[in-house]
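**Student:** Next comes the structure file coords-v6.cif, holding mmCIF, C-alpha atoms.
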```cif
data_input
#
loop_
_atom_site.label_atom_id
_atom_site.label_comp_id
_atom_site.auth_asym_id
_atom_site.auth_seq_id
_atom_site.Cartn_x
_atom_site.Cartn_y
_atom_site.Cartn_z
CA MET A 274 16.95 5.82 52.25
CA SER A 275 20.68 5.25 52.71
CA GLN A 276 22.75 7.91 54.50
CA TYR A 277 25.16 7.59 51.57
CA ALA A 278 24.59 9.20 48.20
CA CYS A 279 26.96 6.62 46.75
CA GLU A 280 29.38 3.92 47.90
CA TRP A 281 32.15 1.76 46.56
CA ARG A 282 32.70 -1.44 48.53
CA ASN A 283 35.99 -3.23 47.81
CA VAL A 284 35.72 -2.34 44.12
CA THR A 285 38.26 -3.69 41.64
CA VAL A 286 38.26 -2.72 37.95
CA ARG A 287 40.53 -4.22 35.29
CA PHE A 288 41.10 -3.26 31.68
CA GLY A 289 42.48 -6.45 30.23
CA LYS A 290 45.39 -7.47 32.45
CA ARG A 291 45.81 -3.96 33.89
CA THR A 292 44.13 -3.20 37.22
CA VAL A 293 42.93 0.41 37.32
CA LEU A 294 41.06 0.30 40.65
CA HIS A 295 42.37 -1.80 43.54
CA THR A 296 39.72 -2.83 46.13
CA VAL A 297 38.47 0.75 46.56
CA THR A 298 36.18 1.39 49.52
CA LEU A 299 34.68 4.87 49.76
CA GLY A 300 31.40 6.51 50.75
CA VAL A 301 29.98 9.95 50.00
CA ARG A 302 27.26 11.04 52.42
CA CYS A 303 24.11 12.77 51.28
CA GLY A 304 24.67 16.53 50.99
CA GLU A 305 28.48 16.38 50.84
CA LEU A 306 30.65 18.16 48.28
CA VAL A 307 33.66 15.88 47.87
CA GLY A 308 36.77 16.23 45.72
CA LEU A 309 38.76 13.38 44.17
CA PHE A 310 42.37 14.45 43.77
CA GLY A 311 45.25 12.69 42.04
CA HIS A 312 47.52 12.66 39.00
CA ASN A 313 46.42 11.42 35.57
CA GLY A 314 45.92 7.67 35.75
CA ALA A 315 45.01 7.70 39.44
CA GLY A 316 41.60 6.16 38.68
CA LYS A 317 39.45 9.19 39.50
CA SER A 318 37.40 9.27 36.29
CA THR A 319 37.05 5.49 36.28
CA LEU A 320 35.55 5.70 39.75
CA LEU A 321 32.90 8.16 38.53
CA ARG A 322 32.01 6.06 35.51
CA THR A 323 31.35 2.98 37.60
CA LEU A 324 28.49 4.94 39.19
CA LEU A 325 26.94 5.41 35.76
CA GLY A 326 27.38 1.76 34.84
CA LEU A 327 29.69 2.77 31.99
CA ILE A 328 32.54 0.64 33.36
CA PRO A 329 31.86 -2.82 34.85
CA VAL A 330 33.54 -3.89 38.08
CA GLN A 331 35.24 -7.26 38.40
CA ASN A 332 34.93 -7.42 42.19
CA GLY A 333 33.03 -5.53 44.86
CA GLN A 334 29.87 -3.47 44.71
CA VAL A 335 28.89 0.05 43.65
CA LEU A 336 25.74 1.60 45.12
CA VAL A 337 23.75 4.78 44.50
CA GLU A 338 21.49 5.71 47.43
CA GLY A 339 21.68 2.10 48.57
CA THR A 340 20.73 0.64 45.16
CA PRO A 341 23.36 -1.62 43.57
CA VAL A 342 24.51 -0.43 40.16
CA GLY A 343 23.54 -3.05 37.59
CA ALA A 344 21.77 -3.58 34.29
CA ARG A 345 18.28 -3.83 35.79
CA GLN A 346 18.61 -0.65 37.83
CA MET A 347 20.59 1.58 35.47
CA SER A 348 17.69 3.49 33.93
CA GLN A 349 16.40 4.38 37.39
CA ILE A 350 19.86 5.19 38.76
CA ARG A 351 20.86 7.45 35.85
CA ARG A 352 17.79 9.60 36.44
CA ARG A 353 19.20 10.45 39.86
CA ILE A 354 22.60 11.51 38.50
CA GLY A 355 23.72 14.67 36.74
CA TYR A 356 27.05 14.18 34.96
CA VAL A 357 29.43 16.82 33.60
CA PRO A 358 32.02 15.00 31.44
CA GLN A 359 35.51 16.29 30.84
CA VAL A 360 34.78 16.32 27.10
CA LEU A 361 31.37 16.15 25.45
CA ASN A 362 31.63 13.77 22.51
CA THR A 363 29.44 15.08 19.70
CA ASP A 364 29.25 14.27 16.01
CA PRO A 365 30.67 17.29 14.08
CA ARG A 366 28.32 16.42 11.20
CA VAL A 367 25.38 17.17 13.51
CA PRO A 368 26.03 20.64 14.95
CA LEU A 369 24.26 21.00 18.28
CA THR A 370 23.03 24.24 19.80
CA ALA A 371 23.45 24.93 23.50
CA LEU A 372 19.77 24.05 24.00
CA ASP A 373 20.25 20.76 22.12
CA VAL A 374 23.11 19.85 24.45
CA VAL A 375 21.00 20.51 27.54
CA MET A 376 18.16 18.44 26.08
CA THR A 377 20.47 15.41 25.82
CA GLY A 378 20.61 15.41 29.62
CA LEU A 379 16.86 14.71 29.71
CA TYR A 380 16.75 11.74 27.36
CA ALA A 381 17.16 9.12 30.10
CA GLY A 382 13.85 10.28 31.54
CA ILE A 383 12.12 10.83 28.19
CA GLY A 384 12.72 7.28 26.98
CA ILE A 385 13.94 5.77 23.71
CA GLY A 386 11.85 6.67 20.65
CA ARG A 387 9.78 9.31 22.45
CA PHE A 388 9.79 12.99 21.57
CA PRO A 389 10.59 15.67 24.15
CA SER A 390 7.55 17.38 25.59
CA ARG A 391 6.99 21.09 26.06
CA GLN A 392 7.75 20.56 29.74
CA ASN A 393 11.09 18.97 28.81
CA ARG A 394 12.04 22.00 26.72
CA GLU A 395 10.96 24.36 29.49
CA SER A 396 13.13 22.41 31.96
CA ALA A 397 16.12 22.74 29.62
CA GLN A 398 15.52 26.47 29.16
CA ASP A 399 15.12 26.95 32.90
CA ALA A 400 18.45 25.20 33.50
CA LEU A 401 20.14 27.52 30.98
CA ARG A 402 18.52 30.48 32.72
CA LYS A 403 19.90 29.36 36.09
CA MET A 404 23.37 29.18 34.54
CA GLN A 405 22.85 32.65 33.03
CA VAL A 406 23.30 31.46 29.42
CA LEU A 407 19.72 31.32 28.13
CA HIS A 408 20.70 33.97 25.58
CA LEU A 409 23.08 31.39 24.06
CA ALA A 410 20.38 28.72 23.61
CA ARG A 411 20.45 28.91 19.80
CA GLN A 412 24.21 29.29 19.49
CA PRO A 413 26.28 26.31 18.24
CA PHE A 414 27.85 24.65 21.26
CA GLY A 415 31.20 24.27 19.49
CA VAL A 416 31.73 28.03 19.04
CA LEU A 417 31.17 28.90 22.71
CA SER A 418 34.07 29.80 24.99
CA GLY A 419 35.32 27.29 27.54
CA GLY A 420 33.49 29.07 30.35
CA GLU A 421 30.25 29.25 28.36
CA GLN A 422 30.49 25.56 27.50
CA GLN A 423 31.00 24.69 31.17
CA ARG A 424 27.85 26.66 32.08
CA VAL A 425 25.90 24.79 29.39
CA LEU A 426 27.21 21.42 30.60
CA LEU A 427 26.21 22.30 34.15
CA ALA A 428 22.76 23.23 32.85
CA ARG A 429 22.61 19.85 31.09
CA ALA A 430 23.48 18.09 34.36
CA ILE A 431 20.83 19.84 36.47
CA ALA A 432 18.00 19.93 33.90
CA SER A 433 16.67 16.56 35.10
CA ALA A 434 16.70 17.65 38.78
CA PRO A 435 19.26 15.04 39.91
CA ARG A 436 20.20 14.19 43.49
CA LEU A 437 23.83 13.31 42.74
CA LEU A 438 26.12 15.57 40.66
CA LEU A 439 29.35 14.24 39.14
CA MET A 440 31.94 16.54 37.55
CA ASP A 441 35.05 15.32 35.73
CA GLU A 442 37.93 17.84 35.52
CA PRO A 443 35.71 20.94 35.18
CA THR A 444 38.69 23.32 34.98
CA SER A 445 40.43 21.53 32.09
CA SER A 446 38.95 23.68 29.31
CA VAL A 447 38.50 27.03 31.05
CA ASP A 448 40.93 29.89 31.60
CA TRP A 449 42.14 30.79 35.08
CA GLN A 450 39.96 33.89 35.18
CA PHE A 451 36.81 31.73 35.05
CA VAL A 452 37.87 29.34 37.83
CA HIS A 453 36.69 31.62 40.66
CA GLU A 454 33.31 32.01 38.94
CA LEU A 455 33.13 28.24 38.40
CA ILE A 456 33.62 27.61 42.12
CA TRP A 457 30.70 29.94 42.84
CA LEU A 458 28.54 28.23 40.18
CA ILE A 459 29.18 24.72 41.50
CA ARG A 460 28.50 25.82 45.07
CA GLN A 461 25.28 27.51 43.97
CA VAL A 462 24.09 24.41 42.10
CA HIS A 463 25.09 22.13 44.98
CA GLU A 464 23.36 24.13 47.68
CA SER A 465 20.24 25.26 45.81
CA GLY A 466 19.56 21.73 44.58
CA SER A 467 20.38 20.06 47.93
CA LEU A 468 22.73 17.80 45.98
CA SER A 469 25.49 15.39 46.81
CA THR A 470 28.42 16.36 44.59
CA ILE A 471 31.69 14.72 43.55
CA VAL A 472 34.29 16.74 41.66
CA VAL A 473 37.30 15.08 40.03
CA SER A 474 40.33 17.32 39.53
CA HIS A 475 44.12 17.41 39.60
CA ASP A 476 43.89 21.14 40.44
CA ALA A 477 44.58 21.24 44.19
CA PRO A 478 43.89 24.98 44.79
CA PHE A 479 40.54 24.62 42.99
CA LEU A 480 39.44 21.68 45.16
CA ALA A 481 40.75 23.35 48.32
CA ARG A 482 38.51 26.37 47.70
CA LEU A 483 35.49 24.32 46.65
CA CYS A 484 35.06 21.11 48.63
CA ASP A 485 34.09 19.96 52.10
CA ARG A 486 36.74 17.23 52.02
CA VAL A 487 39.14 15.77 49.47
CA VAL A 488 39.90 12.10 48.80
CA LEU A 489 43.47 11.38 47.66
CA MET A 490 44.01 8.78 44.94
CA GLU A 491 47.09 7.30 43.34
CA SER A 492 47.53 4.34 40.98
CA GLY A 493 43.97 3.17 41.43
CA ARG A 494 44.02 3.26 45.22
CA VAL A 495 42.51 5.55 47.84
CA LEU A 496 45.39 6.81 49.98
CA GLY A 497 43.23 8.67 52.47
CA GLU A 498 41.46 11.99 52.79
CA VAL A 499 42.06 15.49 54.10
CA SER A 500 39.94 18.52 54.81
CA ALA A 501 39.79 21.08 52.04
CA GLU A 502 41.70 23.49 54.27
CA GLY A 503 44.43 20.94 54.87
CA LEU A 504 44.90 19.84 51.24
CA LEU A 505 47.53 22.39 50.20
CA ASP A 506 49.43 21.95 53.44
CA TYR A 507 49.42 18.17 52.96
CA LEU A 508 50.67 18.47 49.38
CA GLY A 509 53.32 20.95 50.50
CA ARG A 510 54.86 18.20 52.62
CA GLY A 511 55.90 16.37 49.50
CA TRP A 512 53.07 14.18 48.21
CA VAL A 513 53.31 15.69 44.70
#
```
Once more with this new file: its structure as structure tokens, please.

**Tutor:**
Amino acid sequence: MSQYACEWRNVTVRFGKRTVLHTVTLGVRCGELVGLFGHNGAGKSTLLRTLLGLIPVQNGQVLVEGTPVGARQMSQIRRRIGYVPQVLNTDPRVPLTALDVVMTGLYAGIGIGRFPSRQNRESAQDALRKMQVLHLARQPFGVLSGGEQQRVLLARAIASAPRLLLMDEPTSSVDWQFVHELIWLIRQVHESGSLSTIVVSHDAPFLARLCDRVVLMESGRVLGEVSAEGLLDYLGRGWV
């Protein structure tokens, strides 16, 4: 198995005539907890989505545990990845409970047209239990607080026992009082699951308290990286 949980090798992504990632080369080693920091439009979320095969690359190569991301491998690759999106797109005409939301994280492994098994439901309930929100299983997801929703989305990401966890702006919909608890939750999930974790955020203090190291991005390019301890000092010298 590769020493890297994921890699980008000279990756370029274009939307029409606009280049959003410029020959990005980056590797995340197995077991790391890495932050991606930058302003809106830096390319952070795009980078994550290339791992899931949601955004095609025009040049270069994206790999997950040494396996190239591509149409033939995507079903296998997605089973290894837990993803916490910035916003969960749901149809308001089909109100989902918290348990329903967690179950959607298992569908890649269940397969199209197949019904969830009892074991699938138990896995979803166990994930909610680990996030301390099992009592909200029957509650409509849309009425939960920002912090409760983030716990449910984390449960959704870990229900399939992934090896790679991706989180996109996890502090965007929570109040500042929940941020400290969120740091503890992510650390707990990362360490107890022996995961490799990538967290996208423009919240420097959050990443500085959470991550092992932080990759700096701007305008679709990787500028470099700093230790978590050195992030705030680096930014204080005028990068932002």

**Student:** Sorted by chain and rising residue number, which residues of stretch 325-406 of chain A lie within 10 Å of stretch 287-290 of chain A, and what are their closest atom pairs and distances in Å to one decimal, counting all atoms listed in the file, as JSON lines?

**Tutor:**
```
{"residue": "A:Ile328", "atom": "CA", "partner": "A:Arg287", "partner_atom": "CA", "distance": 9.5}
{"residue": "A:Pro329", "atom": "CA", "partner": "A:Arg287", "partner_atom": "CA", "distance": 8.8}
{"residue": "A:Val330", "atom": "CA", "partner": "A:Arg287", "partner_atom": "CA", "distance": 7.5}
{"residue": "A:Gln331", "atom": "CA", "partner": "A:Arg287", "partner_atom": "CA", "distance": 6.8}
{"residue": "A:Asn332", "atom": "CA", "partner": "A:Arg287", "partner_atom": "CA", "distance": 9.4}
```

**Student:** Could you spell out the hits of the PyMOL selection byres ((chain A and resi 335) around 9) on the shown file, as a list in words?

**Tutor:**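 Listing what the PyMOL selection byres ((chain A and resi 335) around 9) selects in the shown file: Cys279, Glu280, Trp281, Arg282, Asn283, Val284, Thr323, Leu324, Val330, Gly333, Gln334, Leu336, Val337, Gly339, Thr340, Pro341, Val342 and Gly343 of chain A.
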
**Student:** Which residues come within 8 Å of A:Ala432, counting all atoms listed in the file, excluding same-chain residues fewer than 3 positions away, as an NGL selection string?

**Tutor:** :A and (375-376 or 378-379 or 396-397 or 399-400 or 428-429 or 435)

**Student:** Give me the residues within 9 Å of stretch 409-423 of chain A as a PDB file with C-alpha atoms, keeping the file's coordinate frame, counting all atoms listed in the file and dropping any in the same chain fewer than 3 places off.

**Tutor:**
```pdb
ATOM      1  CA  VAL A 357      29.430  16.820  33.600  1.00  0.00           C
ATOM      2  CA  PRO A 365      30.670  17.290  14.080  1.00  0.00           C
ATOM      3  CA  PRO A 368      26.030  20.640  14.950  1.00  0.00           C
ATOM      4  CA  LEU A 369      24.260  21.000  18.280  1.00  0.00           C
ATOM      5  CA  THR A 370      23.030  24.240  19.800  1.00  0.00           C
ATOM      6  CA  ALA A 371      23.450  24.930  23.500  1.00  0.00           C
ATOM      7  CA  LEU A 372      19.770  24.050  24.000  1.00  0.00           C
ATOM      8  CA  ASP A 373      20.250  20.760  22.120  1.00  0.00           C
ATOM      9  CA  VAL A 374      23.110  19.850  24.450  1.00  0.00           C
ATOM     10  CA  GLN A 398      15.520  26.470  29.160  1.00  0.00           C
ATOM     11  CA  LEU A 401      20.140  27.520  30.980  1.00  0.00           C
ATOM     12  CA  VAL A 406      23.300  31.460  29.420  1.00  0.00           C
ATOM     13  CA  LEU A 426      27.210  21.420  30.600  1.00  0.00           C
ATOM     14  CA  LEU A 427      26.210  22.300  34.150  1.00  0.00           C
ATOM     15  CA  ALA A 428      22.760  23.230  32.850  1.00  0.00           C
ATOM     16  CA  PRO A 443      35.710  20.940  35.180  1.00  0.00           C
ATOM     17  CA  THR A 444      38.690  23.320  34.980  1.00  0.00           C
ATOM     18  CA  SER A 445      40.430  21.530  32.090  1.00  0.00           C
ATOM     19  CA  SER A 446      38.950  23.680  29.310  1.00  0.00           C
ATOM     20  CA  VAL A 447      38.500  27.030  31.050  1.00  0.00           C
ATOM     21  CA  ASP A 448      40.930  29.890  31.600  1.00  0.00           C
ATOM     22  CA  PHE A 451      36.810  31.730  35.050  1.00  0.00           C
ATOM     23  CA  VAL A 452      37.870  29.340  37.830  1.00  0.00           C
ATOM     24  CA  LEU A 455      33.130  28.240  38.400  1.00  0.00           C
TER      25      LEU A 455
END
```

**Student:** May I have the protein, DNA and RNA residues with an atom at most 12 Å from (44.6, 21.9, 52.7), counting all atoms listed in the file in the file's coordinates, returned as an MDAnalysis selection string?

**Tutor:** chainID A and resid 308 310 477:489 498:510

**Student:** Only C-alpha atoms, please: the residues just picked out, written as a PDB file, in the frame of the given file.

**Tutor:**
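part12.pdb written:
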```pdb
ATOM      1  CA  GLY A 308      36.770  16.230  45.720  1.00  0.00           C
ATOM      2  CA  PHE A 310      42.370  14.450  43.770  1.00  0.00           C
ATOM      3  CA  ALA A 477      44.580  21.240  44.190  1.00  0.00           C
ATOM      4  CA  PRO A 478      43.890  24.980  44.790  1.00  0.00           C
ATOM      5  CA  PHE A 479      40.540  24.620  42.990  1.00  0.00           C
ATOM      6  CA  LEU A 480      39.440  21.680  45.160  1.00  0.00           C
ATOM      7  CA  ALA A 481      40.750  23.350  48.320  1.00  0.00           C
ATOM      8  CA  ARG A 482      38.510  26.370  47.700  1.00  0.00           C
ATOM      9  CA  LEU A 483      35.490  24.320  46.650  1.00  0.00           C
ATOM     10  CA  CYS A 484      35.060  21.110  48.630  1.00  0.00           C
ATOM     11  CA  ASP A 485      34.090  19.960  52.100  1.00  0.00           C
ATOM     12  CA  ARG A 486      36.740  17.230  52.020  1.00  0.00           C
ATOM     13  CA  VAL A 487      39.140  15.770  49.470  1.00  0.00           C
ATOM     14  CA  VAL A 488      39.900  12.100  48.800  1.00  0.00           C
ATOM     15  CA  LEU A 489      43.470  11.380  47.660  1.00  0.00           C
ATOM     16  CA  GLU A 498      41.460  11.990  52.790  1.00  0.00           C
ATOM     17  CA  VAL A 499      42.060  15.490  54.100  1.00  0.00           C
ATOM     18  CA  SER A 500      39.940  18.520  54.810  1.00  0.00           C
ATOM     19  CA  ALA A 501      39.790  21.080  52.040  1.00  0.00           C
ATOM     20  CA  GLU A 502      41.700  23.490  54.270  1.00  0.00           C
ATOM     21  CA  GLY A 503      44.430  20.940  54.870  1.00  0.00           C
ATOM     22  CA  LEU A 504      44.900  19.840  51.240  1.00  0.00           C
ATOM     23  CA  LEU A 505      47.530  22.390  50.200  1.00  0.00           C
ATOM     24  CA  ASP A 506      49.430  21.950  53.440  1.00  0.00           C
ATOM     25  CA  TYR A 507      49.420  18.170  52.960  1.00  0.00           C
ATOM     26  CA  LEU A 508      50.670  18.470  49.380  1.00  0.00           C
ATOM     27  CA  GLY A 509      53.320  20.950  50.500  1.00  0.00           C
ATOM     28  CA  ARG A 510      54.860  18.200  52.620  1.00  0.00           C
TER      29      ARG A 510
END
```

**Student:** When distances are computed from only C-alpha atoms, which of A:Ser318, A:Thr298, A:Gln461, A:Thr377 shows the smallest separation from A:Asn393?

**Tutor:**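 The answer is A:Thr377, which sits nearest to A:Asn393.
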
**Student:** Could you work out how far atom CA of A:Thr470 lies from atom CA of A:Gly316, giving the answer in Å with one decimal?

**Tutor:**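 Going from atom CA of A:Gly316 over to atom CA of A:Thr470 covers 17.7 Å.
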
**Student:** Report the distance between atom CA of A:Arg424 and atom CA of A:Val360 in Å, rounded to one decimal place.

**Tutor:**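 These atoms are spaced 13.4 Å apart.
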